[in-house]
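Engineer: Before anything else, here's the structure in question.
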Amino acid sequence: MPVQKFIIVLDPGHGGFDPGAIGPNGTNESRVALSIAKKTKLYLSSAVEVYLTRTEDKALTRNSAADQIARAAVSESINATCFVSIHCNSSKEEEQHGVETYYYKGSERGKQLAANINNKLSPAVGLLNRGIKEADLAVLRYTKCPSAQVEVAFISNPREEALLNTDDFQDRAAWAIASGIASFTGANLQRIPDLENSYRETPLIKLLRKAKFTEPCKKSDPVTIEILADILDRLGIL
Ligand SMILES: [Zn+2]
């Protein structure tokens, strides 16, 4: 029996003329979305074929309405199995937090896809599960295959903004999105035990949160004496 071929389209939200939402400490949604989408592709590639609607900080067209149609059209041109748009949530109320995933109103398959992703994402990143929601979003409306838009955290919430900038959070979010898509399609993902456990705040994340570090950083980044002094100062130790 031939192995069924799955084709997944990942759509990093915004880009180019449209930076998306900007966090209180200046984090740009379009940059975070692209980074998580690239990581998701990496995890999915062992099991399925993956296309990104953009791989740089560029929109697909010059205006927002045409841009949404162009993104959706990518999935049609390659006869995609499903389409997942990746975003960060934003609210005027700074305390809003958690993960949620949208599907196009009335789409049963879209609802299943959204539920598969959302249920993996919340425990993986350790944020509140706000559930799945129906929405009349243009990018979902114009997409013919099952589609979902995932909001990985609130970029408007300073704590979640800081998390969004870490490699650890982005890896966990990407892994969860990849697993949700794999379970929706029935594709077999290569397992990554490190990322499969539910999230527990690591000392590194705790430090970044307490010292209010929002710059992108990696576990392997060196610490200069100047940065150390800054960290101690922010913790109120100096
Ligand atoms: Zn967005």
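Following the order of the structure tokens, first chain is A, next is B, and so on, with residues numbered from 1 inside each chain and ligands from 1 in the order they appear.
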Name all residues at most 8 Å from Asn129 of chain A (count only C-alpha atoms; drop same-chain ones fewer than 2 positions away) and give them as JSON, numbers by chain.
Structural biologist: {"A": [98, 99, 100, 118, 119, 122, 127, 131]}
Engineer: Mind listing the residues within 7 Å of ligand 1, only C-alpha atoms and all ligand atoms counted, as a PyMOL selection string?
Structural biologist: chain A and resi 13-14+20-21+29+87-89
Engineer: Would you mind exporting C-alpha atoms of the selected residues as a short mmCIF file (atom, residue, chain, number, x, y, z; two decimals), in the first residue's frame?
Structural biologist:
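Generated output (result_12.cif):
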```cif
data_model
loop_
_atom_site.label_atom_id
_atom_site.label_comp_id
_atom_site.auth_asym_id
_atom_site.auth_seq_id
_atom_site.Cartn_x
_atom_site.Cartn_y
_atom_site.Cartn_z
CA GLY A 13 1.57 35.79 10.26
CA HIS A 14 2.36 39.35 9.08
CA GLY A 20 1.80 42.55 13.53
CA ALA A 21 1.39 43.35 17.22
CA GLU A 29 4.95 39.52 16.26
CA HIS A 87 0.44 34.32 15.31
CA CYS A 88 0.77 35.89 18.77
CA ASN A 89 -2.28 37.21 20.53
#
```
Engineer: For segment 166-175 of chain A, work out the shell of residues within 7 Å, counting only C-alpha atoms and skipping chain neighbours fewer than 5 positions away, then give it as a list in words.
Structural biologist: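 Here the answer would be Ile36, Ala37, Lys39, Thr40, Tyr43, Leu121, Ala124, Val125, Val152, Leu195, Pro216, Cys217 and Lys218 of chain A.
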Engineer: Record the distance separating atom CA of Ile237 of chain A and atom CA of Gly126 of chain A, expressed in Å with one decimal.
Structural biologist: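 Atom CA of Gly126 of chain A lies at a distance of 28.3 Å from atom CA of Ile237 of chain A.
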Engineer: Please run DSSP on the backbone and report, as a ChimeraX atom specification, all residues within segment 41-124 of chain A that come out as alpha helix (DSSP H).
Structural biologist: /A:41-44,64-77,108-124
Engineer: Restrict the selected residues to N, CA and C atoms and save them as a JSON list (two decimals), in the first residue's frame.
Structural biologist:
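Listed below is the output, selection19.json:
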```
[["chain", "number", "residue", "atom", "x", "y", "z"],
["A", 41, "LYS", "N", 8.49, 23.67, 11.01],
["A", 41, "LYS", "CA", 8.83, 22.98, 9.75],
["A", 41, "LYS", "C", 9.92, 21.93, 9.99],
["A", 42, "LEU", "N", 10.91, 22.33, 10.79],
["A", 42, "LEU", "CA", 12.00, 21.42, 11.10],
["A", 42, "LEU", "C", 11.49, 20.13, 11.75],
["A", 43, "TYR", "N", 10.59, 20.29, 12.71],
["A", 43, "TYR", "CA", 10.06, 19.11, 13.42],
["A", 43, "TYR", "C", 9.16, 18.27, 12.52],
["A", 44, "LEU", "N", 8.40, 18.93, 11.65],
["A", 44, "LEU", "CA", 7.43, 18.21, 10.81],
["A", 44, "LEU", "C", 8.08, 17.51, 9.63],
["A", 64, "SER", "N", -2.87, 44.55, 2.70],
["A", 64, "SER", "CA", -3.26, 43.53, 3.65],
["A", 64, "SER", "C", -4.34, 42.58, 3.13],
["A", 65, "ALA", "N", -5.36, 43.09, 2.42],
["A", 65, "ALA", "CA", -6.44, 42.21, 1.95],
["A", 65, "ALA", "C", -5.90, 41.21, 0.92],
["A", 66, "ALA", "N", -5.12, 41.70, -0.03],
["A", 66, "ALA", "CA", -4.56, 40.83, -1.07],
["A", 66, "ALA", "C", -3.56, 39.85, -0.45],
["A", 67, "ASP", "N", -2.89, 40.29, 0.61],
["A", 67, "ASP", "CA", -1.90, 39.45, 1.28],
["A", 67, "ASP", "C", -2.55, 38.18, 1.86],
["A", 68, "GLN", "N", -3.72, 38.36, 2.48],
["A", 68, "GLN", "CA", -4.43, 37.21, 3.07],
["A", 68, "GLN", "C", -4.84, 36.21, 1.98],
["A", 69, "ILE", "N", -5.32, 36.75, 0.85],
["A", 69, "ILE", "CA", -5.74, 35.88, -0.26],
["A", 69, "ILE", "C", -4.53, 35.13, -0.82],
["A", 70, "ALA", "N", -3.40, 35.84, -0.94],
["A", 70, "ALA", "CA", -2.19, 35.21, -1.49],
["A", 70, "ALA", "C", -1.70, 34.08, -0.58],
["A", 71, "ARG", "N", -1.80, 34.29, 0.72],
["A", 71, "ARG", "CA", -1.37, 33.25, 1.66],
["A", 71, "ARG", "C", -2.23, 32.00, 1.51],
["A", 72, "ALA", "N", -3.55, 32.23, 1.47],
["A", 72, "ALA", "CA", -4.48, 31.10, 1.33],
["A", 72, "ALA", "C", -4.24, 30.38, 0.00],
["A", 73, "ALA", "N", -3.93, 31.15, -1.05],
["A", 73, "ALA", "CA", -3.75, 30.57, -2.39],
["A", 73, "ALA", "C", -2.58, 29.59, -2.45],
["A", 74, "VAL", "N", -1.59, 29.79, -1.57],
["A", 74, "VAL", "CA", -0.43, 28.88, -1.55],
["A", 74, "VAL", "C", -0.90, 27.45, -1.32],
["A", 75, "SER", "N", -1.87, 27.28, -0.38],
["A", 75, "SER", "CA", -2.31, 25.92, -0.05],
["A", 75, "SER", "C", -3.06, 25.28, -1.22],
["A", 76, "GLU", "N", -3.77, 26.11, -1.98],
["A", 76, "GLU", "CA", -4.53, 25.57, -3.11],
["A", 76, "GLU", "C", -3.58, 25.16, -4.25],
["A", 77, "SER", "N", -2.57, 25.98, -4.46],
["A", 77, "SER", "CA", -1.67, 25.71, -5.59],
["A", 77, "SER", "C", -0.91, 24.40, -5.42],
["A", 108, "GLU", "N", -15.93, 21.65, 10.32],
["A", 108, "GLU", "CA", -15.72, 20.58, 11.29],
["A", 108, "GLU", "C", -14.26, 20.11, 11.29],
["A", 109, "ARG", "N", -13.69, 19.98, 10.08],
["A", 109, "ARG", "CA", -12.29, 19.54, 9.98],
["A", 109, "ARG", "C", -11.34, 20.61, 10.53],
["A", 110, "GLY", "N", -11.69, 21.86, 10.27],
["A", 110, "GLY", "CA", -10.89, 22.97, 10.80],
["A", 110, "GLY", "C", -10.93, 22.96, 12.33],
["A", 111, "LYS", "N", -12.11, 22.65, 12.85],
["A", 111, "LYS", "CA", -12.28, 22.59, 14.31],
["A", 111, "LYS", "C", -11.41, 21.47, 14.90],
["A", 112, "GLN", "N", -11.38, 20.31, 14.21],
["A", 112, "GLN", "CA", -10.55, 19.19, 14.69],
["A", 112, "GLN", "C", -9.07, 19.56, 14.67],
["A", 113, "LEU", "N", -8.66, 20.21, 13.59],
["A", 113, "LEU", "CA", -7.27, 20.63, 13.46],
["A", 113, "LEU", "C", -6.90, 21.60, 14.59],
["A", 114, "ALA", "N", -7.77, 22.59, 14.81],
["A", 114, "ALA", "CA", -7.53, 23.59, 15.87],
["A", 114, "ALA", "C", -7.44, 22.92, 17.24],
["A", 115, "ALA", "N", -8.35, 21.96, 17.50],
["A", 115, "ALA", "CA", -8.36, 21.29, 18.80],
["A", 115, "ALA", "C", -7.09, 20.47, 18.99],
["A", 116, "ASN", "N", -6.67, 19.76, 17.93],
["A", 116, "ASN", "CA", -5.45, 18.95, 18.01],
["A", 116, "ASN", "C", -4.25, 19.81, 18.38],
["A", 117, "ILE", "N", -4.15, 20.98, 17.76],
["A", 117, "ILE", "CA", -3.00, 21.86, 18.02],
["A", 117, "ILE", "C", -3.11, 22.47, 19.41],
["A", 118, "ASN", "N", -4.27, 23.02, 19.71],
["A", 118, "ASN", "CA", -4.43, 23.75, 20.98],
["A", 118, "ASN", "C", -4.21, 22.86, 22.20],
["A", 119, "ASN", "N", -4.71, 21.61, 22.11],
["A", 119, "ASN", "CA", -4.58, 20.71, 23.25],
["A", 119, "ASN", "C", -3.15, 20.26, 23.49],
["A", 120, "LYS", "N", -2.34, 20.29, 22.45],
["A", 120, "LYS", "CA", -0.91, 19.96, 22.63],
["A", 120, "LYS", "C", -0.16, 21.20, 23.13],
["A", 121, "LEU", "N", -0.55, 22.36, 22.62],
["A", 121, "LEU", "CA", 0.21, 23.58, 22.87],
["A", 121, "LEU", "C", 0.18, 24.03, 24.34],
["A", 122, "SER", "N", -1.01, 24.02, 24.93],
["A", 122, "SER", "CA", -1.13, 24.56, 26.29],
["A", 122, "SER", "C", -0.22, 23.85, 27.31],
["A", 123, "PRO", "N", -0.28, 22.49, 27.41],
["A", 123, "PRO", "CA", 0.64, 21.85, 28.37],
["A", 123, "PRO", "C", 2.10, 21.97, 27.96],
["A", 124, "ALA", "N", 2.37, 22.03, 26.65],
["A", 124, "ALA", "CA", 3.77, 22.08, 26.19],
["A", 124, "ALA", "C", 4.45, 23.37, 26.58]]
```
Engineer: Per DSSP on the backbone, what are the strand (DSSP E or B) residues of segment 21-225 of chain A, as a VMD selection string?
Structural biologist: chain A and resid 22 28 49 to 52 82 to 89 99 to 104 129 to 135 147 to 154 166 217
Engineer: So that I can see what lies close to Asn25 of chain A, please list as a PyMOL selection string the residues with an atom at most 12 Å from it, counting only C-alpha atoms and leaving out residues fewer than 6 positions away in the same chain.
Structural biologist: chain A and resi 155-162+164-165+212-216
Engineer: Provide the atom CA of Ala176 of chain A to atom CA of Lys38 of chain A distance in Å, to one decimal place.
Structural biologist: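 If I compute the distance from atom CA of Ala176 of chain A to atom CA of Lys38 of chain A, I get 13.4 Å.
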Engineer: Which polymer residues have any atom within 8 Å of an atom of Pro12 of chain A, counting only C-alpha atoms, with same-chain residues fewer than 5 positions away left out, as a PyMOL selection string?
Structural biologist: chain A and resi 30+33-34+36-37+52-54+85-87
Engineer: Produce a file of the selected residues containing C-alpha atoms, as a compact mmCIF listing (two decimals), in the first residue's frame.
Structural biologist:
```
# COMPACT_ATOMS: atom_id res chain seq x y z
CA SER A 30 6.00 38.91 12.65
CA ALA A 33 5.82 33.97 14.14
CA LEU A 34 8.49 33.37 11.47
CA ILE A 36 8.29 29.47 15.40
CA ALA A 37 7.10 28.53 11.88
CA LEU A 52 6.09 28.19 4.42
CA THR A 53 4.12 31.10 2.92
CA ARG A 54 7.13 33.31 3.71
CA SER A 85 -1.31 30.25 10.37
CA ILE A 86 0.99 31.12 13.30
CA HIS A 87 0.44 34.32 15.31
```
Engineer: Leaving out Ala135 of chain A and any residue of its chain fewer than 2 positions from it, which residues lie within 8 Å of it when counting only C-alpha atoms, given as a count of residues only?
Structural biologist: 6
Engineer: Using only C-alpha atoms, can you tell me which of A:Ile132, A:Ala153, A:Cys82, A:Ala229 comes closest to Ile181 of chain A?
Structural biologist: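 The answer is A:Cys82, which sits nearest to Ile181 of chain A.
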Engineer: If you count only C-alpha atoms, which residues fall within 12 Å of Lys5 of chain A, apart from same-chain ones fewer than 4 positions away, as a PyMOL selection string?
Structural biologist: chain A and resi 45+47-50+79-81+185-188
